[in-house]
Structures are given as C-alpha cells and as structure tokens.
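The next block is entry-v4.tsv, given as TSV, C-alpha atoms.
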```
chain	number	residue	atom	x	y	z
D	298	MET	CA	103.81	231.00	14.15
D	299	LEU	CA	103.78	233.52	11.32
D	300	ALA	CA	101.96	236.04	13.50
D	301	GLN	CA	104.93	236.16	15.87
D	302	ARG	CA	106.99	237.87	13.18
D	303	ILE	CA	104.37	239.32	10.80
D	304	ASP	CA	102.11	242.14	11.94
D	305	ASP	CA	100.24	242.58	8.65
D	306	SER	CA	96.80	241.01	9.19
D	307	ARG	CA	95.98	241.20	5.49
D	308	LEU	CA	99.06	239.15	4.58
D	309	LEU	CA	98.23	236.57	7.27
D	310	ALA	CA	94.67	236.33	5.95
D	311	LEU	CA	95.97	235.83	2.41
D	312	ILE	CA	98.23	232.99	3.53
D	313	SER	CA	95.34	231.42	5.44
D	314	GLN	CA	93.19	231.52	2.30
D	315	TRP	CA	96.06	230.02	0.31
D	316	LEU	CA	96.23	227.07	2.72
D	317	LYS	CA	92.49	226.45	2.34
D	318	ALA	CA	92.33	226.92	-1.44
D	319	GLU	CA	90.90	224.02	-3.41
D	320	ILE	CA	93.30	221.90	-5.47
D	321	VAL	CA	92.44	220.67	-8.97
D	322	GLU	CA	94.12	217.36	-9.81
D	323	PRO	CA	95.19	216.49	-13.39
D	324	GLY	CA	92.05	214.39	-13.85
D	325	GLY	CA	89.85	217.34	-12.96
D	326	LYS	CA	89.00	216.17	-9.45
D	327	VAL	CA	88.76	218.99	-6.91
D	328	ILE	CA	90.18	218.46	-3.43
D	329	LYS	CA	89.66	220.79	-0.49
D	330	PRO	CA	92.60	220.41	1.94
D	331	VAL	CA	91.87	220.26	5.65
D	332	GLN	CA	95.45	220.52	6.91
D	333	GLY	CA	99.02	221.07	5.75
D	334	THR	CA	100.25	223.08	2.79
D	335	PRO	CA	99.26	222.53	-0.86
D	336	GLN	CA	101.36	219.78	-2.40
D	337	GLY	CA	103.56	221.38	-5.05
D	338	GLY	CA	102.53	224.91	-4.07
D	339	VAL	CA	105.25	227.54	-4.45
D	340	ILE	CA	104.72	228.72	-0.89
D	341	SER	CA	104.76	225.22	0.63
D	342	PRO	CA	108.55	224.92	1.13
D	343	VAL	CA	108.68	228.34	2.80
D	344	LEU	CA	105.82	227.61	5.18
D	345	ALA	CA	107.14	224.13	5.97
D	346	ASN	CA	110.55	225.59	6.76
D	347	ILE	CA	109.01	228.18	9.11
D	348	TYR	CA	106.89	225.47	10.74
D	349	LEU	CA	109.92	223.29	11.47
D	350	HIS	CA	111.89	226.30	12.67
D	351	TYR	CA	109.50	226.61	15.61
D	352	VAL	CA	108.74	222.90	16.02
D	353	LEU	CA	112.33	221.67	15.86
D	354	ASP	CA	115.04	224.34	15.65
D	355	ILE	CA	113.98	226.60	18.51
D	356	TRP	CA	112.93	223.65	20.67
D	357	PHE	CA	116.35	222.07	20.17
D	358	GLU	CA	118.20	225.26	21.10
D	359	LYS	CA	116.00	226.30	24.04
D	360	VAL	CA	115.03	222.94	25.54
D	361	VAL	CA	117.20	220.07	24.30
D	362	LYS	CA	120.71	221.55	24.35
D	363	PRO	CA	120.53	223.03	27.88
D	364	ARG	CA	119.61	219.58	29.21
D	365	CYS	CA	122.42	217.74	27.46
D	366	GLN	CA	125.47	216.69	29.44
D	367	GLY	CA	127.72	217.00	26.37
D	368	ARG	CA	127.78	219.05	23.21
D	369	ALA	CA	124.92	218.79	20.72
D	370	MET	CA	124.32	220.09	17.20
D	371	LEU	CA	121.38	220.12	14.79
D	372	ILE	CA	121.81	220.39	11.00
D	373	ARG	CA	118.54	220.77	9.09
D	374	TYR	CA	117.75	221.37	5.42
D	375	GLY	CA	114.03	221.42	4.65
D	376	ASP	CA	112.51	218.44	6.42
D	377	ASP	CA	115.75	216.46	6.48
D	378	PHE	CA	117.98	216.81	9.51
D	379	VAL	CA	120.90	215.22	11.34
D	380	VAL	CA	121.50	215.62	15.06
D	381	ALA	CA	124.94	215.02	16.57
D	382	PHE	CA	125.63	214.41	20.26
D	383	GLN	CA	128.90	214.07	22.08
D	384	LEU	CA	127.44	211.54	24.54
D	385	ARG	CA	125.42	208.45	23.68
D	386	ARG	CA	123.10	209.01	26.65
D	387	ASP	CA	121.99	212.40	25.30
D	388	ALA	CA	121.38	210.88	21.87
D	389	GLU	CA	119.23	208.08	23.29
D	390	VAL	CA	117.09	210.51	25.30
D	391	PHE	CA	116.55	212.72	22.24
D	392	TYR	CA	115.72	209.68	20.11
D	393	ARG	CA	112.93	208.74	22.53
D	394	VAL	CA	111.54	212.26	22.95
D	395	LEU	CA	111.62	213.41	19.30
D	396	PRO	CA	108.55	211.43	18.11
D	397	GLN	CA	106.53	212.83	21.02
D	398	ARG	CA	107.56	216.38	20.16
D	399	LEU	CA	106.66	216.00	16.49
D	400	ALA	CA	103.35	214.32	17.30
D	401	LYS	CA	102.19	217.48	19.10
D	402	PHE	CA	102.29	219.25	15.72
D	403	ASN	CA	100.79	216.39	13.65
D	404	LEU	CA	104.19	215.38	12.33
D	405	ALA	CA	105.97	212.02	12.38
D	406	ILE	CA	109.46	210.73	11.72
D	407	ALA	CA	110.25	208.41	8.83
D	408	PRO	CA	111.16	205.12	10.57
D	409	ASP	CA	113.23	203.87	7.63
D	410	LYS	CA	115.41	207.00	7.74
D	411	THR	CA	115.70	207.49	11.49
D	412	HIS	CA	118.27	205.62	13.53
D	413	LEU	CA	121.13	205.96	16.00
D	414	ILE	CA	124.71	205.41	14.89
D	415	ARG	CA	128.15	205.97	16.39
D	416	PHE	CA	129.84	208.45	14.07
D	417	SER	CA	133.32	209.30	15.28
D	418	ARG	CA	136.80	209.88	13.91
D	419	PHE	CA	137.97	207.37	16.50
D	420	HIS	CA	135.89	204.66	14.82
D	421	PRO	CA	136.41	205.20	11.07
D	422	GLY	CA	134.99	202.97	8.40
D	423	LYS	CA	132.25	202.94	5.79
D	424	GLN	CA	130.17	200.64	7.99
D	425	ARG	CA	129.55	203.60	10.34
D	426	CYS	CA	127.99	206.07	7.93
D	427	PHE	CA	124.82	208.09	7.43
D	428	HIS	CA	122.98	209.43	4.41
D	429	PHE	CA	121.95	213.08	4.14
D	430	LEU	CA	120.70	215.07	1.14
D	431	GLY	CA	121.67	212.32	-1.27
D	432	PHE	CA	125.19	211.82	0.11
D	433	GLU	CA	126.87	209.23	2.25
D	434	PHE	CA	129.11	210.59	5.02
D	435	TYR	CA	131.78	208.51	6.73
D	436	TRP	CA	135.17	208.74	8.43
D	437	SER	CA	138.33	207.23	6.94
D	438	LYS	CA	142.07	207.68	7.28
D	439	ASP	CA	144.24	209.50	4.76
D	440	ARG	CA	147.70	208.41	3.64
D	441	ALA	CA	149.24	209.91	6.74
D	442	GLY	CA	146.89	207.92	8.94
D	443	LYS	CA	144.90	210.97	10.02
D	444	ALA	CA	141.11	210.68	10.27
D	445	ARG	CA	139.22	212.61	7.60
D	446	LEU	CA	135.52	213.21	7.07
D	447	ARG	CA	134.54	211.90	3.63
D	448	CYS	CA	131.40	211.98	1.56
D	449	ARG	CA	130.27	210.47	-1.69
D	450	THR	CA	127.06	210.25	-3.66
D	451	SER	CA	124.65	207.82	-2.05
D	452	ALA	CA	124.32	204.60	-4.04
D	453	ILE	CA	120.52	204.90	-3.90
D	454	ARG	CA	120.65	208.50	-5.10
D	455	GLN	CA	123.09	207.57	-7.86
D	456	ARG	CA	120.83	204.78	-9.15
D	457	LYS	CA	117.84	207.14	-9.17
D	458	LEU	CA	119.82	209.78	-11.08
D	459	MET	CA	121.03	207.29	-13.66
D	460	SER	CA	117.54	205.85	-14.08
D	461	SER	CA	115.93	209.28	-14.50
D	462	ILE	CA	118.52	210.35	-17.11
D	463	TYR	CA	118.14	207.03	-18.94
D	464	ASN	CA	114.35	207.39	-19.05
D	465	TRP	CA	114.60	211.02	-20.14
D	466	ILE	CA	116.87	210.05	-23.05
D	467	LYS	CA	114.43	207.32	-24.13
D	468	LEU	CA	111.52	209.77	-24.11
D	469	ASN	CA	113.41	212.47	-26.02
D	470	ARG	CA	115.29	210.51	-28.68
D	471	HIS	CA	113.06	212.11	-31.30
D	472	LEU	CA	114.70	215.51	-30.71
D	473	PRO	CA	117.41	216.76	-33.08
D	474	VAL	CA	120.83	215.59	-31.89
D	475	MET	CA	122.10	219.07	-31.05
D	476	VAL	CA	118.96	219.90	-29.06
D	477	LEU	CA	119.09	216.56	-27.25
D	478	PHE	CA	122.76	216.98	-26.35
D	479	SER	CA	122.26	220.57	-25.24
D	480	GLN	CA	119.47	219.65	-22.81
D	481	LEU	CA	121.32	216.56	-21.61
D	482	LYS	CA	124.41	218.65	-20.93
D	483	ARG	CA	122.40	221.04	-18.72
D	484	LYS	CA	121.14	218.11	-16.68
D	485	LEU	CA	124.60	216.62	-16.26
D	486	VAL	CA	126.18	219.97	-15.41
D	487	GLY	CA	123.50	220.56	-12.76
D	488	VAL	CA	124.28	217.21	-11.13
D	489	ALA	CA	128.03	217.84	-11.33
D	490	ASN	CA	127.73	221.32	-9.82
D	491	TYR	CA	125.71	220.04	-6.86
D	492	CYS	CA	127.96	217.07	-6.20
D	493	GLY	CA	131.14	219.09	-6.74
D	494	LEU	CA	130.04	221.81	-4.32
D	495	VAL	CA	129.30	219.36	-1.52
D	496	LEU	CA	132.42	217.27	-2.12
D	497	GLY	CA	134.59	220.35	-2.21
D	498	THR	CA	133.37	221.55	1.17
D	499	CYS	CA	133.13	218.25	3.04
D	500	CYS	CA	135.90	215.94	2.01
D	501	HIS	CA	138.56	217.89	3.85
D	502	GLY	CA	136.48	218.23	7.02
```

Written as structure tokens, that's how I'd like the structure from this file.
Amino acid sequence: MLAQRIDDSRLLALISQWLKAEIVEPGGKVIKPVQGTPQGGVISPVLANIYLHYVLDIWFEKVVKPRCQGRAMLIRYGDDFVVAFQLRRDAEVFYRVLPQRLAKFNLAIAPDKTHLIRFSRFHPGKQRCFHFLGFEFYWSKDRAGKARLRCRTSAIRQRKLMSSIYNWIKLNRHLPVMVLFSQLKRKLVGVANYCGLVLGTCCHG
C-alpha cells in the first residue's frame, strides 16, 4: 500500500524493518512480532491509518457507494468509524459484507460496538443514539419544535475520565499543593477543550 505512493525503496525498507523490530517488554521479555504494527510505536497510528484508507475508505467510495440505491457516507477517525445510509436496505447489505471485507486483511469488527440503528431527525429521542469518539449523538427537538442534532459526553467515557482523574489525585497527593493544582488544571483544561470543540461544532447541526 505504501509503495503505491512512495517511490523511495530505502524508506520502504526502513519501514519494513521497523515492523519486524523486536519489542522489549517492561519485564525484559523480548517479543518478535509476526504481523501488525508495534503496539505503542510512534509510527503505528500513521501506518494503521494508511492501511484502513485502502481497506475501508477507498473500497467504500469505489465499490460500496456506486452500488447503493440511496445516499451513503463514511466518517472515520483512526479505527473508529460511522457509516450512514439513506435506505435501510443499503445499510443491511453493508452490515453483512463489512466483516468479509475486513477479514481479507486480517481485521475484524468489534461486535460490542457494531450495530444497526435508525438515526433520523424524523424519529428523535435519546433511545435512538450512537456513541462515537467518546460522545453520544442523538436527535431532539428545540423549543421551536425543530429537530436538532445533539451530542454529549458518553456516560461510559465520563465515568472513565472521572475515575482516571480520581486515581491520579490519589497517587499524587504528596506533591506540593501548587504543583498538584497546576497539573490537575492542565488535565481538566484538556478535557474541556476537547469536549467544548466537539459540542460547539455538533450541537447546532
């Protein structure tokens, strides 16, 4: 896949060596990977994104969409993605074919995160929602009775955030108060900036 866009054989060889490099675990155990990208490697997200670009993105645009009777749209971030179809029939066909497509590249869907739902402004309500990138998306009506796309922090994501901050505070209570508060503030501001950015761009959709 990389060779389709990169003509430098030395760079391709370097990446190949990187994929085969041995990994030393914290306990000192050495593991030699046989497939995939190194877990935690700085290049792993880039390579995984390129891999899915060919496996999923291009396939969806060149093969799936032309065969759909209605409109279709794919939104992907890393290995998380949401696919929207105008017609239920197109969604059901894609739902059946997707595992087969991924299996050709030694990939598999996460069964607990993969499902079909009817998500429409004509059927608002928090019961018809989906979770994506730590947020819950749903349709509801505003004061004027007009349907609006809403999103809020996923309850699961919120519990994990609160738990991680709570545990971090417990482990760092020995720090001077000003240092503790300064580091805690950075964590909270980071969460607020992420949530505020998404809310600001989605809630008026």

In file coordinates, which residues lie within 10 Å of (127.6, 205.7, 17.6) using only C-alpha atoms, given as a compact mmCIF listing (two decimals) with C-alpha atoms, keeping the file's coordinate frame?
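Okay, point.txt is ready:
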```txt
# COMPACT_ATOMS: atom_id res chain seq x y z
CA ALA D 381 124.94 215.02 16.57
CA PHE D 382 125.63 214.41 20.26
CA GLN D 383 128.90 214.07 22.08
CA LEU D 384 127.44 211.54 24.54
CA ARG D 385 125.42 208.45 23.68
CA ALA D 388 121.38 210.88 21.87
CA LEU D 413 121.13 205.96 16.00
CA ILE D 414 124.71 205.41 14.89
CA ARG D 415 128.15 205.97 16.39
CA PHE D 416 129.84 208.45 14.07
CA SER D 417 133.32 209.30 15.28
CA HIS D 420 135.89 204.66 14.82
CA ARG D 425 129.55 203.60 10.34
CA CYS D 426 127.99 206.07 7.93
```

Using all atoms listed in the file, can you list as a JSON list (two decimals) with C-alpha atoms, in the coordinates of the input the residues within 10 Å of (98.3, 224.0, 6.2)?
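Contents of out03.json, freshly written:
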```
[["chain", "number", "residue", "atom", "x", "y", "z"],
["D", 312, "ILE", "CA", 98.23, 232.99, 3.53],
["D", 313, "SER", "CA", 95.34, 231.42, 5.44],
["D", 314, "GLN", "CA", 93.19, 231.52, 2.30],
["D", 315, "TRP", "CA", 96.06, 230.02, 0.31],
["D", 316, "LEU", "CA", 96.23, 227.07, 2.72],
["D", 317, "LYS", "CA", 92.49, 226.45, 2.34],
["D", 330, "PRO", "CA", 92.60, 220.41, 1.94],
["D", 331, "VAL", "CA", 91.87, 220.26, 5.65],
["D", 332, "GLN", "CA", 95.45, 220.52, 6.91],
["D", 333, "GLY", "CA", 99.02, 221.07, 5.75],
["D", 334, "THR", "CA", 100.25, 223.08, 2.79],
["D", 335, "PRO", "CA", 99.26, 222.53, -0.86],
["D", 341, "SER", "CA", 104.76, 225.22, 0.63],
["D", 344, "LEU", "CA", 105.82, 227.61, 5.18],
["D", 345, "ALA", "CA", 107.14, 224.13, 5.97],
["D", 348, "TYR", "CA", 106.89, 225.47, 10.74]]
```

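Of the residues under consideration (D:Gly325, D:Ala444, D:Arg449, D:Gly431), D:Ala444 shows the shortest atom-to-atom contact distance to D:Phe419 when counting all atoms listed in the file.
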
Go through stretch 421-458 of chain D and flag each residue having an atom no more than 10 Å from stretch 401-412 of chain D; for those, report the closest pair of atoms plus their distance in Å to one decimal, using only C-alpha atoms, ordered by chain and rising number, as a tab-separated table.
```
residue	atom	partner	partner_atom	distance
D:Phe427	CA	D:His412	CA	9.3
D:His428	CA	D:Lys410	CA	8.6
D:Phe429	CA	D:Lys410	CA	9.6
```

Export of the given selection (C-alpha atoms) as a PDB file, in the frame of the given file:
```pdb
ATOM      1  CA  PHE D 427     124.820 208.090   7.430  1.00  0.00           C
ATOM      2  CA  HIS D 428     122.980 209.430   4.410  1.00  0.00           C
ATOM      3  CA  PHE D 429     121.950 213.080   4.140  1.00  0.00           C
TER       4      PHE D 429
END
```

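The two atoms in question, atom CA of D:Met370 and atom CA of D:Asp387, are spaced 11.4 Å apart.
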
For D:Phe378, the nearest of the candidates D:Asn346, D:Ser461, D:Asn490, D:Gln480, counting all atoms listed in the file: D:Asn346

Expressed in Å to a single decimal, how great is the separation between atom CA of D:Gly324 and atom CA of D:Lys467? 25.6 Å

Of D:Tyr374, D:Phe478, D:Tyr463, D:Phe391, the one nearest to D:Lys362 when counting all atoms listed in the file is D:Phe391

Mind pulling up the distance from atom CA of D:Val488 to atom CA of D:Arg445? 24.4 Å

Hey, what's within 10 Å of D:Phe357 if we count all atoms listed in the file and toss same-chain stuff fewer than 6 positions away? As JSON, numbers by chain, please? {"D": [350, 351, 363, 364, 369, 370, 371, 380, 391, 395]}

With 6 Å on each side, where is the centre of the axis-aligned box around all listed atoms of stretch 426-441 of chain D, and how long are its edges in Å to one decimal, as JSON?
```
{"center_x": 135.0, "center_y": 210.6, "center_z": 3.6, "size_x": 40.5, "size_y": 21.0, "size_z": 21.7}
```

Kindly indicate which residue among D:Arg418, D:Ile347, D:Lys482, D:Gln455 lies nearest to D:Ser437, using all atoms listed in the file for the distances. D:Arg418

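Among the candidate residues D:Arg373, D:Arg398, D:Lys326, D:His471, the one lying nearest to D:Val361 is D:Arg398, with distances computed using all atoms listed in the file.
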